[in-house]
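S.K.: What follows is a single structure, and I will ask about it in a moment.
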Amino acid sequence: MSGLIVNDEQSLAEMLSRIRAAQAKFATYSQEQVDRIFLAASLAADKARLALAEMAVRETGMGVVEDKVIKNHYAAENIYNAYRDVKTCDLISRDDSFGVETHAEPVGVIAAIVPTTNPTSTAIFKALLALKTRNAIIFSPHPRAKDCTISAAKTVLDAAVKAGAPENIIGWIDEPSVALSAAVMSSSDLILATGGPGMVKAAYSSGKPAVGVGAGNTPVIIDSSCDIELAASSILHSKSFDNGMICASEQSVIVMDDVYDAFKKELSYRGAYFLDEEQINKVRATILINGSVNAKIVGQTAPTIAKLCGFEVPENARVLVGEVESVEITEPFAHEKLSPVLAMYRVSSFDEAIAKAERLVADGGYGHTSAIYADEHKAKDRIDRFADVMKTCRILLNTPAAHGGIGDIYNFKLAPSLTLGCGSWGGNSVSENVTVKHLLNYKTVAKRRENMLWFRTPEKVYFKKGCMPVALNELKDMGFKRVFIVTDEFLFKSGFSKLVSDRLNELGLVNTTFSDVQPDPTLGSAQKGAEAMRSFEPDCIVALGGGSALDAGKIMWVLYEHPEIDFSDLAMRFMDIRKRVYRFPKMGEKAYFVAITTTAGTGSEVTPFAVITDEETGLKHPLADYELLPKMAICDPELMMSIPKGLTANSGYDAMVHSIEALASVMASDFTNGIAKEAVKLIFEYLPKAYRDGSDEKARAEMAYASTMAGMAFANAFLGVCHSMAHKLGAYHHLPHGLANALLLPEVMRFNAAEAPAKMGTFPQYDHPVCLRRYAELAETVGIKGKTDEEKLEKLIKKLVYLRKEVGMPATIKEAGVPEDVFLSKLDDMCRDAFDDQCTGANPRYPMISEIKQLYLDAYYGKKA
């Protein structure tokens, strides 16, 4: 900070002096100023999530980059979303009838102890919490994670200062040591301690108020009434997340005798490796060193831990499970393990299960987290008893403990936090997830809940041959006066756009046409169009064309109505569209947006999405927000009779992938599945006909409707990794988007169909892998038969590959003309960008970057398809 290197007590004292001066100034800020700083800092942290994750794994040698991305994303997005509207300055509440009001004042300087297990996400979380409450914060990083922790803190600081925060409001120790950590704690006003028991105890012994967390040793009861698939999938999803380093993750499962064998079989089926007696003893001898968890196993993979213990397991083993009996402290498996190592106990009664869970909590997990899998209605008495007996501050029902314990992902009233208080049971000062209140013990039962879903379409959707001129009549009836037409250069020069402008002239509506839109529209073109809009001042915008023109029109619409926005904010990624850090501006206050499609493929006329290319970087940015949803959509097959063969094939196959990815999405619903399946049926039947004979009116019409239906499906269910990869394949190698999707689809479908994937998609309603069954149902819908779902899937893929051939597409990326040396030279960057694409989050199988790389390679060389 300001060039000061903190590596001894003298430099620490100088830094603390600067920090206190900054905090005194910050304490005078208004809520509006604080919230502006909080937003800017959250955005900056969110943007740096992948780079910080990579830095953390590289420096510590622990964990999984892709999972740390989720933790960093969570630390920025969920924390911002939860506290964005919370009042933290001065008068925050008043009840005039009782004469009560509450004021909020900052604590002062917070000392933040950061662990090596979660170095960047914890730093982001604590820094944002401090900024929201007008506190200063100084970080004491773990020595083995100092660089990534400092980088996270600096990211937040730089953004906060740029937004108006005092320059020295966040500080850190550059060369951490036990002595400097102690000095920081003794010089602060409050300590936020996250780390090992020794560090937390030091915080509480410092003589200053401390908010620390106890050790976690989460037991999980598997009741006879539970959904075994959900329980096994959830536990493996949680226990393998970041290689088991979240303190709330499961450490022991206690399984009722009557479901033990079925549960064990399901765990094994989904990737758990059960140790034999010799292997159990080898792991026993490795878990602990002098009574504490062995640092060599923390955050490592199951195969790595097995090798450390002197044996090997399959590389796809997700968790090592030891079937043991003792819950006493002398049993290493009964301890917190901070790794994908899980103890499993067999019990004959619920009383025995409760007793074992109580004992496990007592020996190292008091106050932290416990969980139970049981039928919420049939086993209510057992759930209530479990909640009543367990001395833990988080009691989770049917929920992955790692994700459930931190809150706001699988439950929505448990406060999001990366510092989990354990109350007096765990020797802590708070009994809840740490936010802005610290004084009382709370006991919270958090039950798993699914998100509310939705089905949103434009206000008006018109279809059938010849509907366009009739639909445009409504613009006059609605009182519009000035219409700005957005189209592409080809449609304008060929006179095609005159079909719209002539009709508007007949209606007496003043209009002008902007046609400077190329395939893969650029941000520069959108900015130019928005400038033309500002000069013309339309009250209605009509976008005419394929996806390029419609997407460009949407971006122009945003820039026209809100010239003050920053495009990088519009392109901000999110995990949940309703919890994004950046909130899209309200649209439609200046102009009504009409989308007229002239190609059967993109579905952009009915979606809240737009893809725009940043010409400076060459990257395509998929934007998504329901404010981008057109107000009126027109699907007139008469406008599509002259589409050339290549565009027919590419756009038609794009619609096919829209439908299939919507079906596979973690957000798929009965509402979206029906129209997606119908669209697939139509495309299989009519795309070859439209390709062979462009004048076939029936084929053109059915393809037009199929495209719009597919658009409605993915507008609400979203897409997946096939589109993520296609966006980048197209951007890096200039392939048409539909072709890029077609080349990748077979490999992605096989990837998604895995019944025991390394990573499952994270969305509450997607409780266990079901993608194979969904693909099989689709196969059945189009008349495919088979003895197994696997057979049906392969036949469906074969049918899709044949369709690709029918419409003149190459079989591989290599055949598409991408040179091997060029492809391989850009592959790593392309994989990283594809992983970070907005579409990835809805994929049913959460892809590792290495897995994306293999999918690209398979699609390039055609090893499987």
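Residue names in the structure tokens use chain letters A, B, ... in the order shown, residue numbers from 1 in each chain, and ligand numbers from 1 in the order shown.
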Could you go through segment 571-653 of chain A and tell me which residues DSSP, when run on the backbone, assigns to alpha helix (DSSP H), listing them as a list in words?

M.R.: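 Selecting the alpha helix (DSSP H) positions of segment 571-653 of chain A gives Lys645, Gly646, Leu647, Thr648, Ala649, Asn650, Ser651, Gly652 and Tyr653 of chain A.
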
S.K.: Limited to C-alpha atoms, could you put the picked residues into a file as a JSON list (two decimals), in the first residue's frame?

M.R.:
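Output file out37.json is given in full below:
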```json
[["chain", "number", "residue", "atom", "x", "y", "z"],
["A", 645, "LYS", "CA", -27.75, -23.59, -48.55],
["A", 646, "GLY", "CA", -24.79, -22.88, -46.28],
["A", 647, "LEU", "CA", -26.79, -20.54, -44.06],
["A", 648, "THR", "CA", -29.72, -22.96, -44.04],
["A", 649, "ALA", "CA", -27.45, -25.73, -42.74],
["A", 650, "ASN", "CA", -25.58, -23.66, -40.17],
["A", 651, "SER", "CA", -28.57, -21.84, -38.75],
["A", 652, "GLY", "CA", -30.71, -24.98, -38.73],
["A", 653, "TYR", "CA", -28.10, -27.00, -36.87]]
```

S.K.: If you count only C-alpha atoms, which residues fall within 8 Å of Lys146 of chain A, apart from same-chain ones fewer than 4 positions away, as a list in words?

M.R.: Pro141, His142, Ile150, Asp174, Glu175 and Pro176 of chain A

S.K.: Go ahead and write the selection's residues with N, CA and C atoms as a PDB file, in the first residue's frame.

M.R.:
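Result went into again01.pdb, see below:
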```pdb
ATOM      1  N   PRO A 141      -1.792 -12.852   5.887  1.00  0.00           N
ATOM      2  CA  PRO A 141      -1.941 -14.059   5.063  1.00  0.00           C
ATOM      3  C   PRO A 141      -1.205 -15.241   5.667  1.00  0.00           C
ATOM      4  N   HIS A 142      -1.565 -16.424   5.227  1.00  0.00           N
ATOM      5  CA  HIS A 142      -0.779 -17.608   5.549  1.00  0.00           C
ATOM      6  C   HIS A 142       0.517 -17.523   4.741  1.00  0.00           C
ATOM      7  N   ILE A 150      -2.622 -11.474  -1.019  1.00  0.00           N
ATOM      8  CA  ILE A 150      -2.334 -10.052  -1.228  1.00  0.00           C
ATOM      9  C   ILE A 150      -2.902  -9.585  -2.562  1.00  0.00           C
ATOM     10  N   ASP A 174       3.276  -8.049   4.120  1.00  0.00           N
ATOM     11  CA  ASP A 174       3.945  -8.612   2.946  1.00  0.00           C
ATOM     12  C   ASP A 174       4.742  -9.871   3.263  1.00  0.00           C
ATOM     13  N   GLU A 175       5.357  -9.908   4.438  1.00  0.00           N
ATOM     14  CA  GLU A 175       6.141 -11.071   4.864  1.00  0.00           C
ATOM     15  C   GLU A 175       5.589 -11.570   6.186  1.00  0.00           C
ATOM     16  N   PRO A 176       4.542 -12.391   6.156  1.00  0.00           N
ATOM     17  CA  PRO A 176       3.854 -12.792   7.383  1.00  0.00           C
ATOM     18  C   PRO A 176       4.722 -13.653   8.292  1.00  0.00           C
TER      19      PRO A 176
END
```

S.K.: Could you give me, as a PyMOL selection string, the residues within 12 Å of Ser17 of chain A, counting only C-alpha atoms and dropping anything in the same chain fewer than 4 positions from it?

M.R.: chain A and resi 10-13+21-24+109+136+138+168-169+171+187-188

S.K.: Restricting the output to C-alpha atoms, write the selected residues as a PDB file, in the first residue's frame.

M.R.:
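Final output, saved to again-v9.pdb:
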```pdb
ATOM      1  CA  GLN A  10       8.167  -0.764  12.634  1.00  0.00           C
ATOM      2  CA  SER A  11       6.674  -0.906   9.138  1.00  0.00           C
ATOM      3  CA  LEU A  12       3.543  -2.480  10.611  1.00  0.00           C
ATOM      4  CA  ALA A  13       3.130   0.416  13.031  1.00  0.00           C
ATOM      5  CA  ALA A  21      -6.436   7.759   9.450  1.00  0.00           C
ATOM      6  CA  ALA A  22      -8.159   6.266   6.404  1.00  0.00           C
ATOM      7  CA  GLN A  23     -10.796   4.594   8.547  1.00  0.00           C
ATOM      8  CA  ALA A  24     -11.548   7.799  10.440  1.00  0.00           C
ATOM      9  CA  VAL A 109      -9.663  -1.551  12.173  1.00  0.00           C
ATOM     10  CA  ALA A 136     -10.605  -0.653   7.605  1.00  0.00           C
ATOM     11  CA  ILE A 138      -5.520  -5.461   7.470  1.00  0.00           C
ATOM     12  CA  ASN A 168      -5.180   3.121   2.718  1.00  0.00           C
ATOM     13  CA  ILE A 169      -8.465   1.523   3.764  1.00  0.00           C
ATOM     14  CA  GLY A 171      -3.642  -3.204   4.098  1.00  0.00           C
ATOM     15  CA  SER A 187      -3.388  -3.551  17.547  1.00  0.00           C
ATOM     16  CA  SER A 188      -6.803  -4.009  15.930  1.00  0.00           C
TER      17      SER A 188
END
```

S.K.: Would you mind writing down, as a VMD selection string, each residue of segment 325-442 of chain A that DSSP on the backbone assigns to strand (DSSP E)?

M.R.: chain A and resid 341 to 347 367 to 373 392 to 397

S.K.: Write out the residues from the selection above, keeping all heavy atoms, as a compact mmCIF listing (two decimals), in the first residue's frame.

M.R.:
```txt
# COMPACT_ATOMS: atom_id res chain seq x y z
N VAL A 341 -11.45 -37.61 1.86
CA VAL A 341 -11.41 -38.85 2.62
C VAL A 341 -12.62 -38.85 3.54
O VAL A 341 -12.83 -37.90 4.30
CB VAL A 341 -10.11 -38.98 3.44
CG1 VAL A 341 -10.13 -40.25 4.28
CG2 VAL A 341 -8.89 -38.95 2.52
N LEU A 342 -13.40 -39.92 3.50
CA LEU A 342 -14.69 -39.95 4.19
C LEU A 342 -14.81 -41.22 5.02
O LEU A 342 -14.47 -42.32 4.57
CB LEU A 342 -15.82 -39.91 3.15
CG LEU A 342 -17.25 -39.78 3.62
CD1 LEU A 342 -17.49 -38.42 4.26
CD2 LEU A 342 -18.20 -39.95 2.43
N ALA A 343 -15.27 -41.07 6.27
CA ALA A 343 -15.55 -42.23 7.12
C ALA A 343 -17.00 -42.65 6.91
O ALA A 343 -17.87 -41.81 6.70
CB ALA A 343 -15.31 -41.88 8.58
N MET A 344 -17.26 -43.96 7.00
CA MET A 344 -18.63 -44.45 6.83
C MET A 344 -18.94 -45.48 7.92
O MET A 344 -18.17 -46.42 8.14
CB MET A 344 -18.80 -45.06 5.44
CG MET A 344 -20.22 -45.45 5.10
SD MET A 344 -20.42 -45.55 3.30
CE MET A 344 -21.77 -46.73 3.18
N TYR A 345 -20.08 -45.26 8.61
CA TYR A 345 -20.49 -46.09 9.73
C TYR A 345 -21.83 -46.75 9.43
O TYR A 345 -22.72 -46.14 8.84
CB TYR A 345 -20.62 -45.26 11.00
CG TYR A 345 -19.34 -44.59 11.45
CD1 TYR A 345 -19.02 -43.31 11.00
CD2 TYR A 345 -18.46 -45.23 12.30
CE1 TYR A 345 -17.85 -42.68 11.41
CE2 TYR A 345 -17.29 -44.61 12.72
CZ TYR A 345 -16.99 -43.34 12.26
OH TYR A 345 -15.83 -42.73 12.66
N ARG A 346 -21.99 -47.98 9.91
CA ARG A 346 -23.25 -48.72 9.75
C ARG A 346 -23.93 -48.79 11.11
O ARG A 346 -23.30 -49.15 12.10
CB ARG A 346 -22.97 -50.13 9.22
CG ARG A 346 -24.21 -50.92 8.86
CD ARG A 346 -23.81 -52.21 8.15
NE ARG A 346 -24.91 -52.82 7.43
CZ ARG A 346 -24.79 -53.54 6.34
NH1 ARG A 346 -23.58 -53.73 5.81
NH2 ARG A 346 -25.84 -54.06 5.74
N VAL A 347 -25.21 -48.41 11.15
CA VAL A 347 -25.94 -48.41 12.43
C VAL A 347 -27.26 -49.15 12.26
O VAL A 347 -27.84 -49.20 11.17
CB VAL A 347 -26.20 -46.98 12.93
CG1 VAL A 347 -24.90 -46.28 13.30
CG2 VAL A 347 -26.97 -46.16 11.91
N GLY A 367 -20.51 -27.16 17.52
CA GLY A 367 -21.00 -25.87 17.07
C GLY A 367 -20.97 -25.65 15.57
O GLY A 367 -21.57 -24.70 15.08
N HIS A 368 -20.27 -26.51 14.82
CA HIS A 368 -20.08 -26.21 13.39
C HIS A 368 -21.29 -26.63 12.55
O HIS A 368 -22.26 -25.87 12.42
CB HIS A 368 -18.80 -26.84 12.86
CG HIS A 368 -18.22 -26.11 11.70
ND1 HIS A 368 -18.80 -26.11 10.46
CD2 HIS A 368 -17.10 -25.32 11.58
CE1 HIS A 368 -18.09 -25.36 9.63
NE2 HIS A 368 -17.05 -24.87 10.29
N THR A 369 -21.26 -27.81 11.95
CA THR A 369 -22.28 -28.21 10.98
C THR A 369 -22.59 -29.69 11.12
O THR A 369 -21.69 -30.50 11.39
CB THR A 369 -21.79 -27.93 9.54
OG1 THR A 369 -21.43 -26.54 9.42
CG2 THR A 369 -22.86 -28.25 8.51
N SER A 370 -23.85 -30.02 10.94
CA SER A 370 -24.27 -31.42 10.83
C SER A 370 -25.34 -31.50 9.76
O SER A 370 -25.95 -30.50 9.39
CB SER A 370 -24.80 -31.94 12.17
OG SER A 370 -25.91 -31.16 12.62
N ALA A 371 -25.58 -32.71 9.25
CA ALA A 371 -26.54 -32.85 8.16
C ALA A 371 -27.26 -34.18 8.26
O ALA A 371 -26.77 -35.14 8.86
CB ALA A 371 -25.82 -32.74 6.82
N ILE A 372 -28.45 -34.19 7.66
CA ILE A 372 -29.24 -35.42 7.62
C ILE A 372 -29.94 -35.50 6.27
O ILE A 372 -30.39 -34.48 5.73
CB ILE A 372 -30.26 -35.47 8.78
CG1 ILE A 372 -31.05 -36.79 8.75
CG2 ILE A 372 -31.18 -34.26 8.76
CD1 ILE A 372 -31.94 -37.00 9.98
N TYR A 373 -29.99 -36.70 5.72
CA TYR A 373 -30.75 -36.96 4.50
C TYR A 373 -31.95 -37.82 4.89
O TYR A 373 -31.79 -38.95 5.36
CB TYR A 373 -29.90 -37.66 3.45
CG TYR A 373 -28.93 -36.72 2.78
CD1 TYR A 373 -27.69 -36.44 3.36
CD2 TYR A 373 -29.26 -36.08 1.59
CE1 TYR A 373 -26.81 -35.56 2.76
CE2 TYR A 373 -28.38 -35.20 0.98
CZ TYR A 373 -27.15 -34.94 1.57
OH TYR A 373 -26.28 -34.05 0.98
N THR A 392 -24.93 -28.07 16.92
CA THR A 392 -24.28 -27.41 15.80
C THR A 392 -25.13 -26.23 15.37
O THR A 392 -26.35 -26.25 15.52
CB THR A 392 -24.09 -28.37 14.60
OG1 THR A 392 -25.37 -28.85 14.17
CG2 THR A 392 -23.21 -29.55 14.97
N CYS A 393 -24.48 -25.22 14.83
CA CYS A 393 -25.20 -23.99 14.46
C CYS A 393 -25.76 -24.06 13.05
O CYS A 393 -26.57 -23.20 12.67
CB CYS A 393 -24.27 -22.78 14.59
SG CYS A 393 -23.67 -22.56 16.27
N ARG A 394 -25.34 -25.04 12.27
CA ARG A 394 -25.92 -25.28 10.95
C ARG A 394 -26.38 -26.73 10.90
O ARG A 394 -25.56 -27.65 11.05
CB ARG A 394 -24.89 -25.01 9.83
CG ARG A 394 -24.73 -23.54 9.46
CD ARG A 394 -23.35 -23.23 8.94
NE ARG A 394 -22.35 -23.48 9.97
CZ ARG A 394 -22.07 -22.59 10.94
NH1 ARG A 394 -22.66 -21.43 10.98
NH2 ARG A 394 -21.17 -22.88 11.86
N ILE A 395 -27.67 -26.92 10.70
CA ILE A 395 -28.24 -28.26 10.61
C ILE A 395 -28.89 -28.35 9.24
O ILE A 395 -29.89 -27.69 8.97
CB ILE A 395 -29.27 -28.51 11.74
CG1 ILE A 395 -28.56 -28.37 13.10
CG2 ILE A 395 -29.91 -29.86 11.58
CD1 ILE A 395 -29.49 -28.34 14.26
N LEU A 396 -28.30 -29.14 8.37
CA LEU A 396 -28.66 -29.15 6.96
C LEU A 396 -29.48 -30.38 6.61
O LEU A 396 -29.17 -31.49 7.04
CB LEU A 396 -27.40 -29.11 6.10
CG LEU A 396 -26.41 -27.98 6.43
CD1 LEU A 396 -25.15 -28.13 5.58
CD2 LEU A 396 -27.06 -26.63 6.21
N LEU A 397 -30.52 -30.16 5.82
CA LEU A 397 -31.39 -31.25 5.39
C LEU A 397 -31.28 -31.44 3.88
O LEU A 397 -31.51 -30.51 3.10
CB LEU A 397 -32.85 -30.93 5.78
CG LEU A 397 -33.92 -31.92 5.32
CD1 LEU A 397 -33.68 -33.30 5.90
CD2 LEU A 397 -35.30 -31.42 5.70
```

S.K.: Between A:Glu790, A:Glu66, A:Asp858, A:Glu605, single out the one closest to Cys771 of chain A, counting only C-alpha atoms.

M.R.: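 Of all the options, A:Glu790 lies closest to Cys771 of chain A.
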
S.K.: From the options A:Val666, A:Val161, A:Met830, A:Met390, which residue's atoms come nearest to Ala40 of chain A, counting only C-alpha atoms?

M.R.: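 Checking each candidate against Ala40 of chain A, we get A:Val161 as the closest.
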
S.K.: For Glu266 of chain A, work out the shell of residues within 8 Å, counting only C-alpha atoms and skipping chain neighbours fewer than 4 positions away, then give it as a ChimeraX atom specification.

M.R.: /A:228-229,232,262,270

S.K.: Restricting it to N, CA and C atoms, dump the selection as an mmCIF file, in the first residue's frame.

M.R.:
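And here's part37.cif as it stands now:
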```
data_model
loop_
_atom_site.group_PDB
_atom_site.id
_atom_site.type_symbol
_atom_site.label_atom_id
_atom_site.label_comp_id
_atom_site.auth_asym_id
_atom_site.auth_seq_id
_atom_site.Cartn_x
_atom_site.Cartn_y
_atom_site.Cartn_z
ATOM 1 N N ILE A 228 -31.864 -41.887 -2.031
ATOM 2 C CA ILE A 228 -30.480 -42.367 -2.055
ATOM 3 C C ILE A 228 -29.675 -41.728 -3.177
ATOM 4 N N GLU A 229 -30.265 -41.554 -4.348
ATOM 5 C CA GLU A 229 -29.542 -40.914 -5.455
ATOM 6 C C GLU A 229 -29.152 -39.489 -5.099
ATOM 7 N N ALA A 232 -26.342 -39.558 -2.268
ATOM 8 C CA ALA A 232 -25.014 -39.947 -2.745
ATOM 9 C C ALA A 232 -24.426 -38.878 -3.658
ATOM 10 N N ALA A 262 -27.514 -50.381 -0.413
ATOM 11 C CA ALA A 262 -27.961 -49.584 -1.568
ATOM 12 C C ALA A 262 -27.215 -48.261 -1.636
ATOM 13 N N ARG A 270 -21.150 -43.672 -8.385
ATOM 14 C CA ARG A 270 -20.940 -42.269 -8.733
ATOM 15 C C ARG A 270 -19.508 -41.789 -8.472
#
```

S.K.: Find the residues near Asp539 of chain A: any atom within 12 Å, counting only C-alpha atoms, skip ones fewer than 3 places away on the same chain, and give them as a PyMOL selection string.

M.R.: chain A and resi 475-476+478-485+509-511+533-534+536+542+557+560-561+588-594

S.K.: For each of A:Leu418, A:Val107, A:Ile235, A:Met667, take the minimum atom-to-atom distance to Ser121 of chain A, counting only C-alpha atoms, then give the residue where this is smallest.

M.R.: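 For Ser121 of chain A, the nearest of the given residues is A:Leu418.
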
S.K.: Nearest residue to Ala145 of chain A out of A:Glu59, A:Glu794, A:Asp789, A:Asp516, using only C-alpha atoms?

M.R.: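 The answer is A:Glu59, which sits nearest to Ala145 of chain A.
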